[in-house]
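Visitor: target.tsv is reproduced below (TSV, C-alpha atoms).
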chain	number	residue	atom	x	y	z
B	20	MET	CA	-180.90	101.59	93.07
B	21	ARG	CA	-184.50	100.80	92.11
B	22	CYS	CA	-187.61	102.90	92.63
B	23	ARG	CA	-189.52	101.72	95.73
B	24	LYS	CA	-192.86	102.18	93.98
B	25	CYS	CA	-192.23	100.65	90.54
B	26	PRO	CA	-189.56	98.55	88.78
B	27	LYS	CA	-187.79	101.52	87.12
B	28	ARG	CA	-184.30	102.86	87.91
B	29	ALA	CA	-184.33	105.36	90.77
B	30	VAL	CA	-183.11	108.91	90.11
B	31	LEU	CA	-183.11	110.14	93.71
B	32	GLY	CA	-182.65	108.53	97.11
B	33	LEU	CA	-184.60	110.20	99.94
B	34	SER	CA	-182.80	109.22	103.14
B	35	ARG	CA	-185.27	111.03	105.41
B	36	HIS	CA	-188.05	108.77	104.11
B	37	ASN	CA	-185.77	105.73	103.67
B	38	THR	CA	-186.93	105.47	100.06
B	39	ALA	CA	-185.96	106.13	96.44
B	40	PHE	CA	-187.99	107.19	93.41
B	41	CYS	CA	-187.80	107.08	89.62
B	42	GLY	CA	-188.57	110.33	87.77
B	43	ASP	CA	-192.31	109.66	87.43
B	44	CYS	CA	-192.77	108.56	91.04
B	45	LEU	CA	-190.69	111.52	92.29
B	46	THR	CA	-192.96	113.86	90.34
B	47	GLU	CA	-196.05	112.24	91.83
B	48	PHE	CA	-194.51	112.32	95.34
B	49	VAL	CA	-193.62	116.04	95.15
B	50	ARG	CA	-197.01	117.11	93.76
B	51	THR	CA	-198.79	115.03	96.43
B	52	GLN	CA	-196.70	116.66	99.17
B	53	VAL	CA	-197.51	120.15	97.85
B	54	GLN	CA	-201.23	119.32	97.65
B	55	ARG	CA	-201.06	117.94	101.21
B	56	ALA	CA	-199.38	121.15	102.41
B	57	ILE	CA	-202.07	123.31	100.76
B	58	LYS	CA	-204.88	121.32	102.40
B	59	ALA	CA	-203.28	120.77	105.81
B	60	GLN	CA	-202.51	124.47	106.25
B	61	GLN	CA	-205.73	125.64	104.53
B	62	MET	CA	-203.62	127.76	102.19
B	63	PHE	CA	-206.15	128.24	99.38
B	64	ALA	CA	-209.05	126.61	97.57
B	65	PRO	CA	-209.34	125.71	93.84
B	66	GLU	CA	-211.43	128.83	93.12
B	67	ASP	CA	-208.95	131.23	94.77
B	68	ARG	CA	-206.60	133.43	92.72
B	69	VAL	CA	-202.96	132.85	93.67
B	70	LEU	CA	-200.01	135.16	92.96
B	71	VAL	CA	-196.63	133.35	92.97
B	72	ALA	CA	-193.47	135.36	93.62
B	73	VAL	CA	-190.89	134.16	91.07
B	74	SER	CA	-187.15	134.77	90.87
B	75	GLY	CA	-185.98	132.45	88.08
B	76	GLY	CA	-184.57	129.98	90.61
B	77	LYS	CA	-185.61	126.35	91.07
B	78	ASP	CA	-188.03	126.85	93.95
B	79	SER	CA	-190.28	129.56	92.56
B	80	LEU	CA	-190.44	128.19	88.99
B	81	THR	CA	-191.13	124.70	90.35
B	82	LEU	CA	-193.89	126.09	92.57
B	83	TRP	CA	-195.45	127.90	89.59
B	84	GLU	CA	-195.31	124.70	87.51
B	85	ILE	CA	-196.75	122.47	90.24
B	86	LEU	CA	-199.65	124.82	90.99
B	87	LEU	CA	-200.49	124.91	87.28
B	88	LYS	CA	-200.29	121.10	87.04
B	89	LEU	CA	-202.56	120.81	90.10
B	90	GLY	CA	-205.08	123.05	88.30
B	91	TYR	CA	-204.95	126.16	90.47
B	92	ARG	CA	-205.66	129.70	89.17
B	93	VAL	CA	-202.19	131.14	89.41
B	94	ASP	CA	-200.29	134.14	88.04
B	95	ALA	CA	-196.75	135.27	88.85
B	96	LEU	CA	-194.83	138.41	89.79
B	97	TYR	CA	-191.13	138.95	89.10
B	98	VAL	CA	-189.28	141.85	90.74
B	99	ASP	CA	-186.37	143.02	88.59
B	100	LEU	CA	-183.80	144.16	91.17
B	101	GLY	CA	-181.39	145.62	88.61
B	102	ILE	CA	-178.37	143.56	89.75
B	103	PRO	CA	-175.94	143.89	86.81
B	104	GLY	CA	-175.89	140.69	84.73
B	105	TYR	CA	-177.66	138.49	87.27
B	106	SER	CA	-181.05	140.19	87.04
B	107	SER	CA	-181.17	140.04	83.24
B	108	ARG	CA	-180.27	136.32	83.29
B	109	SER	CA	-182.89	135.53	85.95
B	110	LYS	CA	-185.54	137.58	84.12
B	111	GLU	CA	-184.78	135.69	80.91
B	112	LYS	CA	-185.45	132.35	82.69
B	113	VAL	CA	-188.74	133.65	84.10
B	114	GLU	CA	-189.91	135.08	80.75
B	115	GLN	CA	-189.00	131.86	78.95
B	116	PHE	CA	-190.92	129.77	81.48
B	117	ALA	CA	-193.90	132.12	81.24
B	118	LYS	CA	-193.94	131.88	77.44
B	119	VAL	CA	-193.43	128.12	77.11
B	120	VAL	CA	-195.19	126.69	80.19
B	121	ALA	CA	-197.44	129.25	81.90
B	122	GLU	CA	-199.10	131.32	79.17
B	123	PRO	CA	-200.48	128.26	77.31
B	124	CYS	CA	-202.29	127.47	80.62
B	125	GLY	CA	-203.72	131.03	80.78
B	126	SER	CA	-201.29	132.13	83.50
B	127	GLN	CA	-199.85	135.65	83.36
B	128	LEU	CA	-196.49	137.12	84.40
B	129	THR	CA	-196.19	140.65	85.82
B	130	ILE	CA	-192.77	142.32	86.04
B	131	HIS	CA	-191.97	145.12	88.49
B	132	THR	CA	-188.70	146.95	87.79
B	133	VAL	CA	-187.07	148.50	90.88
B	134	GLU	CA	-185.06	150.99	88.84
B	135	GLU	CA	-188.20	152.44	87.20
B	136	ASP	CA	-189.80	152.88	90.60
B	137	ALA	CA	-186.82	153.95	92.74
B	138	GLY	CA	-184.52	155.50	90.15
B	139	ALA	CA	-181.73	153.03	90.97
B	140	GLY	CA	-181.02	149.30	91.09
B	141	ILE	CA	-180.94	147.47	94.42
B	142	LYS	CA	-177.16	147.65	94.96
B	143	GLU	CA	-177.00	151.41	94.32
B	144	LEU	CA	-180.10	151.93	96.44
B	145	ALA	CA	-178.62	149.97	99.36
B	146	ASN	CA	-175.38	151.99	99.10
B	147	LEU	CA	-177.36	155.27	99.11
B	148	ILE	CA	-179.20	154.41	102.30
B	149	LYS	CA	-176.23	152.58	103.86
B	150	ARG	CA	-178.03	149.29	104.40
B	151	PRO	CA	-176.94	145.72	103.50
B	152	THR	CA	-178.15	144.85	99.98
B	153	CYS	CA	-180.04	141.72	101.16
B	154	SER	CA	-181.89	143.77	103.78
B	155	ALA	CA	-182.98	146.42	101.24
B	156	CYS	CA	-183.89	143.66	98.77
B	157	GLY	CA	-186.09	141.91	101.37
B	158	THR	CA	-187.93	145.13	102.19
B	159	ILE	CA	-188.60	145.91	98.51
B	160	LYS	CA	-189.70	142.39	97.57
B	161	ARG	CA	-192.03	141.98	100.57
B	162	TYR	CA	-193.56	145.40	99.86
B	163	GLN	CA	-194.05	144.94	96.11
B	164	PHE	CA	-195.41	141.38	96.36
B	165	ASN	CA	-197.93	142.47	98.96
B	166	ARG	CA	-198.84	145.61	96.98
B	167	VAL	CA	-199.44	143.74	93.71
B	168	ALA	CA	-201.37	140.94	95.43
B	169	TRP	CA	-203.54	143.40	97.38
B	170	GLN	CA	-204.17	145.90	94.57
B	171	ASN	CA	-205.02	143.17	92.05
B	172	HIS	CA	-207.35	141.33	94.44
B	173	TYR	CA	-205.44	138.06	94.63
B	174	ASP	CA	-206.72	135.85	97.45
B	175	VAL	CA	-203.26	134.70	98.41
B	176	MET	CA	-199.58	135.25	97.70
B	177	ALA	CA	-197.32	132.15	97.47
B	178	THR	CA	-193.55	131.98	97.78
B	179	GLY	CA	-191.15	129.12	97.02
B	180	HIS	CA	-189.70	128.81	100.54
B	181	ASN	CA	-188.82	125.18	101.23
B	182	LEU	CA	-187.99	123.01	104.25
B	183	ASP	CA	-184.31	124.04	104.16
B	184	ASP	CA	-185.24	127.74	104.08
B	185	GLU	CA	-187.63	127.42	107.00
B	186	ALA	CA	-185.35	125.17	109.11
B	187	ALA	CA	-182.41	127.55	108.55
B	188	ARG	CA	-184.52	130.58	109.41
B	189	LEU	CA	-185.80	128.84	112.54
B	190	LEU	CA	-182.24	127.97	113.57
B	191	GLY	CA	-181.18	131.61	113.09
B	192	ASN	CA	-184.15	132.91	115.08
B	193	VAL	CA	-183.55	130.43	117.92
B	194	LEU	CA	-179.80	131.10	118.05
B	195	GLN	CA	-180.52	134.84	118.37
B	196	TRP	CA	-183.68	134.25	120.51
B	197	GLN	CA	-185.71	136.44	118.16
B	198	GLU	CA	-189.00	135.30	119.64
B	199	GLU	CA	-191.02	137.99	117.88
B	200	TYR	CA	-190.08	136.41	114.53
B	201	LEU	CA	-190.98	132.85	115.55
B	202	GLN	CA	-194.70	133.47	115.25
B	203	LYS	CA	-194.23	134.53	111.63
B	204	GLN	CA	-192.65	131.19	110.72
B	205	SER	CA	-195.93	129.51	109.94
B	206	PRO	CA	-196.26	128.28	106.32
B	207	SER	CA	-199.62	130.04	106.16
B	208	LEU	CA	-199.95	133.61	107.40
B	209	PRO	CA	-203.43	135.14	107.41
B	210	ALA	CA	-204.44	138.45	105.82
B	211	SER	CA	-204.60	139.74	109.38
B	212	VAL	CA	-205.47	143.38	108.64
B	213	GLU	CA	-206.75	145.53	105.76
B	214	GLY	CA	-203.89	145.96	103.26
B	215	PHE	CA	-202.12	142.65	103.96
B	216	ALA	CA	-202.43	139.75	101.52
B	217	LYS	CA	-202.50	136.21	102.88
B	218	LYS	CA	-199.04	134.61	102.48
B	219	VAL	CA	-198.33	130.89	102.04
B	220	LYS	CA	-195.35	128.57	101.47
B	221	PRO	CA	-196.63	125.42	99.71
B	222	LEU	CA	-193.11	123.88	99.40
B	223	TYR	CA	-192.44	123.81	103.16
B	224	ARG	CA	-192.63	119.99	103.24
B	225	MET	CA	-189.95	119.56	100.52
B	226	THR	CA	-186.16	119.86	100.82
B	227	GLU	CA	-184.16	121.97	98.38
B	228	ARG	CA	-182.60	118.80	96.96
B	229	GLU	CA	-186.00	117.22	96.28
B	230	ILE	CA	-187.22	120.40	94.57
B	231	ALA	CA	-184.06	120.70	92.46
B	232	ALA	CA	-184.43	117.03	91.46
B	233	TYR	CA	-188.08	117.65	90.51
B	234	ALA	CA	-186.97	120.61	88.36
B	235	VAL	CA	-184.31	118.53	86.57
B	236	VAL	CA	-186.68	115.59	85.99
B	237	ASN	CA	-189.43	117.86	84.65
B	238	ARG	CA	-187.01	119.91	82.49
B	239	ILE	CA	-187.73	123.18	84.29
B	240	ASP	CA	-185.03	125.51	82.98
B	241	TYR	CA	-184.05	127.51	86.07
B	242	LEU	CA	-181.09	129.75	86.90
B	243	VAL	CA	-178.49	127.63	88.72
B	244	GLU	CA	-176.32	130.68	89.39
B	245	GLU	CA	-176.51	132.06	92.94
B	246	CYS	CA	-177.35	135.74	93.55
B	247	PRO	CA	-173.97	137.51	93.86
B	248	MET	CA	-175.35	139.53	96.77
B	249	ALA	CA	-175.97	136.35	98.81
B	250	LYS	CA	-172.26	135.55	99.12
B	251	GLY	CA	-171.42	135.18	102.82
B	252	ALA	CA	-175.10	135.27	103.87
B	253	LYS	CA	-175.81	133.79	107.33
B	254	MET	CA	-178.58	131.64	105.86
B	255	LEU	CA	-176.00	129.70	103.85
B	256	VAL	CA	-174.01	129.00	107.03
B	257	TYR	CA	-177.13	127.75	108.83
B	258	LYS	CA	-178.12	125.59	105.84
B	259	ASP	CA	-174.64	124.06	105.69
B	260	ALA	CA	-174.75	123.26	109.42
B	261	LEU	CA	-178.20	121.66	109.07
B	262	ASN	CA	-177.10	119.61	106.05
B	263	ARG	CA	-174.13	118.27	108.05
B	264	LEU	CA	-176.54	117.22	110.80
B	265	GLU	CA	-178.88	115.76	108.16
B	266	ALA	CA	-176.03	113.63	106.75
B	267	GLU	CA	-175.43	112.14	110.22
B	268	SER	CA	-179.11	111.82	111.10
B	269	PRO	CA	-181.54	111.85	108.14
B	270	GLY	CA	-184.77	113.68	108.90
B	271	THR	CA	-183.17	116.27	111.21
B	272	LYS	CA	-184.42	119.30	109.24
B	273	GLN	CA	-187.94	117.90	109.03
B	274	ARG	CA	-188.09	117.04	112.75
B	275	PHE	CA	-186.73	120.46	113.68
B	276	TYR	CA	-189.17	122.57	111.62
B	277	TRP	CA	-192.23	120.34	111.74
B	278	GLY	CA	-191.66	119.81	115.46
B	279	PHE	CA	-191.66	123.59	115.87
B	280	LEU	CA	-194.94	123.84	113.93
B	281	ASP	CA	-196.53	121.15	116.14
B	282	ARG	CA	-195.53	123.05	119.27
B	283	GLN	CA	-196.75	126.31	117.77
B	284	GLU	CA	-200.16	124.77	117.03
B	285	LYS	CA	-200.47	123.34	120.56
B	286	SER	CA	-199.69	126.73	122.12
B	287	SER	CA	-202.12	128.56	119.82
B	288	SER	CA	-205.05	128.03	122.22
B	289	VAL	CA	-203.32	129.96	125.02
B	290	ALA	CA	-201.15	132.51	123.18
B	291	PRO	CA	-202.67	135.46	121.26
B	292	SER	CA	-202.88	134.74	117.50
B	293	MET	CA	-200.84	136.61	114.93
B	294	SER	CA	-204.04	138.24	113.66
B	295	GLN	CA	-204.85	139.50	117.17
B	296	ILE	CA	-201.32	140.89	117.60
B	297	ASP	CA	-201.37	142.51	114.15
B	298	GLN	CA	-204.76	144.11	114.77
B	299	THR	CA	-203.47	145.79	117.91
B	300	THR	CA	-200.00	146.79	116.62
B	301	LEU	CA	-200.44	147.68	112.93
B	302	GLN	CA	-201.75	150.88	111.40
B	303	PRO	CA	-201.84	152.27	107.83
B	304	CYS	CA	-198.57	153.85	106.63
B	305	SER	CA	-198.89	157.66	106.45
B	306	VAL	CA	-197.52	157.61	102.87
B	307	CYS	CA	-198.75	154.44	101.13
B	308	SER	CA	-201.39	153.02	103.53
B	309	GLN	CA	-199.80	149.54	103.72
B	310	PRO	CA	-199.93	148.20	107.31
B	311	THR	CA	-196.94	149.06	109.51
B	312	THR	CA	-195.97	149.16	113.18
B	313	ALA	CA	-194.45	152.64	112.67
B	314	GLY	CA	-196.09	155.82	111.38
B	315	THR	CA	-194.36	155.38	108.02
B	316	CYS	CA	-193.55	151.88	106.71
B	317	SER	CA	-189.96	150.68	106.21
B	318	PHE	CA	-190.32	150.78	102.40
B	319	CYS	CA	-191.47	154.42	102.33
B	320	ARG	CA	-188.78	155.41	104.87
B	321	MET	CA	-186.19	153.70	102.69
B	322	MET	CA	-187.39	155.50	99.55
B	323	ALA	CA	-187.40	158.86	101.37
B	324	ARG	CA	-183.82	158.28	102.58
B	325	ALA	CA	-182.73	157.35	99.05
B	326	LYS	CA	-184.26	160.54	97.62
B	327	THR	CA	-182.56	162.66	100.32
B	328	ALA	CA	-179.20	160.96	99.62
B	329	VAL	CA	-179.49	161.74	95.88
B	330	LYS	CA	-180.04	165.44	96.63
W	8	MET	CA	-164.09	111.78	83.84
W	9	LYS	CA	-164.90	115.46	83.42
W	10	VAL	CA	-166.63	117.09	86.37
W	11	HIS	CA	-168.33	120.48	86.16
W	12	LEU	CA	-169.05	122.37	89.39
W	13	SER	CA	-170.76	125.68	90.20
W	14	HIS	CA	-170.44	128.32	92.95
W	15	PRO	CA	-167.70	128.97	91.88
W	16	THR	CA	-167.77	127.58	88.35
W	17	ARG	CA	-164.88	125.18	87.70
W	18	ASP	CA	-164.06	122.01	85.76
W	19	LEU	CA	-162.08	119.07	87.16
W	20	ILE	CA	-160.71	115.79	85.84
W	21	ILE	CA	-161.16	112.80	88.16
W	22	GLN	CA	-159.92	109.26	87.56
W	23	GLY	CA	-162.79	106.85	86.86
W	24	PRO	CA	-164.69	104.62	87.07
W	25	LYS	CA	-166.00	105.80	90.42
W	26	ARG	CA	-169.21	105.55	92.43
W	27	VAL	CA	-171.12	108.79	92.94
W	28	ALA	CA	-170.81	108.38	96.74
W	29	ASP	CA	-167.01	108.14	96.38
W	30	ILE	CA	-166.89	111.27	94.19
W	31	PHE	CA	-168.70	113.17	96.95
W	32	LYS	CA	-166.16	111.86	99.49
W	33	GLU	CA	-163.17	112.69	97.29
W	34	LEU	CA	-164.37	116.27	96.81
W	35	ASN	CA	-165.46	116.58	100.47
W	36	LEU	CA	-169.04	117.48	99.47
W	37	ILE	CA	-172.23	116.80	101.46
W	38	PRO	CA	-174.60	114.78	99.21
W	39	GLU	CA	-177.64	116.55	100.68
W	40	ALA	CA	-176.44	119.82	99.11
W	41	PHE	CA	-175.88	118.56	95.54
W	42	LEU	CA	-177.31	116.64	92.60
W	43	ILE	CA	-175.21	114.66	90.13
W	44	ILE	CA	-176.38	114.96	86.54
W	45	ARG	CA	-175.10	112.95	83.57
W	46	GLY	CA	-176.50	114.30	80.31
W	47	GLN	CA	-180.02	115.19	81.41
W	48	ASP	CA	-180.34	112.37	83.94
W	49	LEU	CA	-179.92	112.38	87.71
W	50	MET	CA	-177.63	109.75	89.23
W	51	THR	CA	-178.03	108.10	92.64
W	52	GLU	CA	-175.12	107.61	95.05
W	53	ASP	CA	-174.70	103.89	94.31
W	54	GLU	CA	-174.28	104.43	90.54
W	55	THR	CA	-170.88	104.42	88.85
W	56	VAL	CA	-169.51	107.15	86.60
W	57	ALA	CA	-167.29	105.79	83.81
W	58	ASP	CA	-163.89	107.31	83.12
W	59	GLY	CA	-165.02	108.79	79.81
W	60	ASP	CA	-168.23	110.36	81.21
W	61	SER	CA	-168.93	114.04	81.78
W	62	ILE	CA	-171.00	114.92	84.84
W	63	GLU	CA	-172.30	118.06	86.50
W	64	ILE	CA	-172.28	118.40	90.28
W	65	ARG	CA	-175.04	120.92	90.77
W	66	PRO	CA	-175.49	122.75	94.10
W	67	VAL	CA	-179.08	122.89	95.29
W	68	ILE	CA	-178.68	125.39	98.12
W	69	SER	CA	-179.69	128.99	97.57
W	70	GLY	CA	-179.12	131.86	99.91
W	71	GLY	CA	-182.49	133.63	99.83
Please re-express this file's structure in structure tokens.
Guide:
Amino acid sequence: MRCRKCPKRAVLGLSRHNTAFCGDCLTEFVRTQVQRAIKAQQMFAPEDRVLVAVSGGKDSLTLWEILLKLGYRVDALYVDLGIPGYSSRSKEKVEQFAKVVAEPCGSQLTIHTVEEDAGAGIKELANLIKRPTCSACGTIKRYQFNRVAWQNHYDVMATGHNLDDEAARLLGNVLQWQEEYLQKQSPSLPASVEGFAKKVKPLYRMTEREIAAYAVVNRIDYLVEECPMAKGAKMLVYKDALNRLEAESPGTKQRFYWGFLDRQEKSSSVAPSMSQIDQTTLQPCSVCSQPTTAGTCSFCRMMARAKTAVK
Amino acid sequence: MKVHLSHPTRDLIIQGPKRVADIFKELNLIPEAFLIIRGQDLMTEDETVADGDSIEIRPVISGG
């Protein structure tokens, strides 16, 4: 197979675009798509300070690398969850990337360790409060990323969520008719109230396979290993179902998620915006002051329950 | 050929030469969920893996 843009050997076929690219043209294609996403969704401007949430996996390290290559002012935050073995291996990948790729560009890595803050790793913490590990993990990561972005005056917080992530999440929300979550599926969420950082997903136009291929071509040394806590996760079932549909009908994931975004945009003139809803439903947490729909936010409630369980 | 897979980690021996697309079929894998890597290079589905080659079939799906 030959590259459709130059005479070189192709390294990846992209069925959804009916094309194929060599390593150089794939790199150019991916960076162009990310730049297009940033502009189309008005995610951030060149002068803005961006905080990328990194895990050591392909998506977040690739996002960090691309934003640096595109010349943005970007730093990163890694949350050490304290999962035996896995967390130390993922942290090693992040620290290596920071040292070799990011720091020479003036980009800094911040590490938040859950055990130092909560007195236990994520698995032990989830057991203490009798919640699924992935649920406790999501609460902690969302809280800490927002806290660090807000307290350190970053203009925006970026995550490595890709087209597969967003299509799978949309499928899950539609299957369960969780309409209240649908509005939060935009790739660019505003800093709707005091205490919330703006959140963006610059990889939403790219599939996981395209991002992994970019990482391999550009020698980004990421952790291939899957989080042991994700075994049996519903998201994996939804992704598998969507990939089976994609194999039969290339472009299914893109049409599903982008079609949803088109419909969301068309309905935005009649429905109340997320900012309007947030401004009427959110208030400062009684403990930490981060915005919450309850009197005390889910993170502070979780920490209080963990402390009670230890006693 | 030697084939290395992840999630779970395992090594297989498959008779070559064989096209990448046929390896996916033989192992009942969806191409959209994997990359095939020989050395440090990606391979497309129409390429052929020689009997003496070692390849990695790397999953690209993460559960986050």
Visitor: Between atom CA of Gly76 of chain B and atom CA of Gln52 of chain B, what is the distance, to one decimal in Å?
Guide: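 Rounded to one decimal, the two atoms are 19.9 Å apart.
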Visitor: Could the residues of chain W that have an atom at most 12 Å from chain B be listed as CSV, each with its closest atom pair and the distance in Å to one decimal, counting all atoms listed in the file and ordered by chain and ascending residue number?
Guide:
residue,atom,partner,partner_atom,distance
W:Leu12,CA,B:Val243,CA,10.8
W:Ser13,CA,B:Glu244,CA,7.5
W:His14,CA,B:Glu245,CA,7.1
W:Pro15,CA,B:Glu244,CA,9.1
W:Thr16,CA,B:Glu244,CA,9.2
W:Ala28,CA,B:Gly32,CA,11.8
W:Asn35,CA,B:Arg263,CA,11.6
W:Leu36,CA,B:Arg263,CA,10.0
W:Ile37,CA,B:Arg263,CA,7.0
W:Pro38,CA,B:Ala266,CA,7.8
W:Glu39,CA,B:Asn262,CA,6.2
W:Ala40,CA,B:Arg228,CA,6.6
W:Phe41,CA,B:Arg228,CA,6.9
W:Leu42,CA,B:Arg228,CA,7.2
W:Ile43,CA,B:Ala232,CA,9.6
W:Ile44,CA,B:Val235,CA,8.7
W:Arg45,CA,B:Val30,CA,11.1
W:Gly46,CA,B:Val235,CA,10.9
W:Gln47,CA,B:Val235,CA,7.5
W:Asp48,CA,B:Val236,CA,7.4
W:Leu49,CA,B:Val30,CA,5.3
W:Met50,CA,B:Val30,CA,5.6
W:Thr51,CA,B:Leu31,CA,5.6
W:Glu52,CA,B:Gly32,CA,7.9
W:Asp53,CA,B:Met20,CA,6.7
W:Glu54,CA,B:Met20,CA,7.6
W:Thr55,CA,B:Met20,CA,11.2
W:Glu63,CA,B:Val243,CA,11.6
W:Ile64,CA,B:Val243,CA,11.2
W:Arg65,CA,B:Val243,CA,7.8
W:Pro66,CA,B:Val243,CA,7.9
W:Val67,CA,B:Arg228,CA,5.6
W:Ile68,CA,B:Glu227,CA,6.5
W:Ser69,CA,B:Glu245,CA,6.4
W:Gly70,CA,B:Leu255,CA,5.5
W:Gly71,CA,B:Ala249,CA,7.1
Visitor: Write the residues of the selection above to a file with C-alpha atoms, as a PDB file, keeping the file's coordinate frame.
Guide:
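Dumped everything to selection.pdb:
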ATOM      1  CA  LEU W  12    -169.050 122.370  89.390  1.00  0.00           C
ATOM      2  CA  SER W  13    -170.760 125.680  90.200  1.00  0.00           C
ATOM      3  CA  HIS W  14    -170.440 128.320  92.950  1.00  0.00           C
ATOM      4  CA  PRO W  15    -167.700 128.970  91.880  1.00  0.00           C
ATOM      5  CA  THR W  16    -167.770 127.580  88.350  1.00  0.00           C
ATOM      6  CA  ALA W  28    -170.810 108.380  96.740  1.00  0.00           C
ATOM      7  CA  ASN W  35    -165.460 116.580 100.470  1.00  0.00           C
ATOM      8  CA  LEU W  36    -169.040 117.480  99.470  1.00  0.00           C
ATOM      9  CA  ILE W  37    -172.230 116.800 101.460  1.00  0.00           C
ATOM     10  CA  PRO W  38    -174.600 114.780  99.210  1.00  0.00           C
ATOM     11  CA  GLU W  39    -177.640 116.550 100.680  1.00  0.00           C
ATOM     12  CA  ALA W  40    -176.440 119.820  99.110  1.00  0.00           C
ATOM     13  CA  PHE W  41    -175.880 118.560  95.540  1.00  0.00           C
ATOM     14  CA  LEU W  42    -177.310 116.640  92.600  1.00  0.00           C
ATOM     15  CA  ILE W  43    -175.210 114.660  90.130  1.00  0.00           C
ATOM     16  CA  ILE W  44    -176.380 114.960  86.540  1.00  0.00           C
ATOM     17  CA  ARG W  45    -175.100 112.950  83.570  1.00  0.00           C
ATOM     18  CA  GLY W  46    -176.500 114.300  80.310  1.00  0.00           C
ATOM     19  CA  GLN W  47    -180.020 115.190  81.410  1.00  0.00           C
ATOM     20  CA  ASP W  48    -180.340 112.370  83.940  1.00  0.00           C
ATOM     21  CA  LEU W  49    -179.920 112.380  87.710  1.00  0.00           C
ATOM     22  CA  MET W  50    -177.630 109.750  89.230  1.00  0.00           C
ATOM     23  CA  THR W  51    -178.030 108.100  92.640  1.00  0.00           C
ATOM     24  CA  GLU W  52    -175.120 107.610  95.050  1.00  0.00           C
ATOM     25  CA  ASP W  53    -174.700 103.890  94.310  1.00  0.00           C
ATOM     26  CA  GLU W  54    -174.280 104.430  90.540  1.00  0.00           C
ATOM     27  CA  THR W  55    -170.880 104.420  88.850  1.00  0.00           C
ATOM     28  CA  GLU W  63    -172.300 118.060  86.500  1.00  0.00           C
ATOM     29  CA  ILE W  64    -172.280 118.400  90.280  1.00  0.00           C
ATOM     30  CA  ARG W  65    -175.040 120.920  90.770  1.00  0.00           C
ATOM     31  CA  PRO W  66    -175.490 122.750  94.100  1.00  0.00           C
ATOM     32  CA  VAL W  67    -179.080 122.890  95.290  1.00  0.00           C
ATOM     33  CA  ILE W  68    -178.680 125.390  98.120  1.00  0.00           C
ATOM     34  CA  SER W  69    -179.690 128.990  97.570  1.00  0.00           C
ATOM     35  CA  GLY W  70    -179.120 131.860  99.910  1.00  0.00           C
ATOM     36  CA  GLY W  71    -182.490 133.630  99.830  1.00  0.00           C
TER      37      GLY W  71
END
Visitor: Do a neighbour search on Ala155 of chain B at 10 Å with only C-alpha atoms, toss out local chain neighbours closer than 5 positions, and write the hits as a PyMOL selection string.
Guide: chain B and resi 141-142+144-146+148-150+160+317-318+321
Visitor: Work out how far apart atom CA of Phe48 of chain B and atom CA of Glu84 of chain B are and give it in Å to one decimal.
Guide: 14.7 Å
Visitor: Tell me which protein, DNA and RNA residues are within 8 Å of Asp58 of chain W, counting all atoms listed in the file, leaving out same-chain ones fewer than 6 positions away, and put them as a list of chain:residue names.
Guide: W:Met8, W:Ile21, W:Gln22, W:Gly23, W:Pro24, W:Lys25
Visitor: Around segment 247-258 of chain B, fit a box with edges along x, y and z, padding it by 8 Å on each side, then list its centre and edge lengths in Å to one decimal as JSON.
Guide:
{"center_x": -175.0, "center_y": 132.6, "center_z": 101.3, "size_x": 23.2, "size_y": 29.9, "size_z": 31.0}
Visitor: For the atom pair atom CA of Leu201 of chain B and atom CA of Leu189 of chain B, what is the interatomic distance in Å to one decimal place?
Guide: 7.2 Å
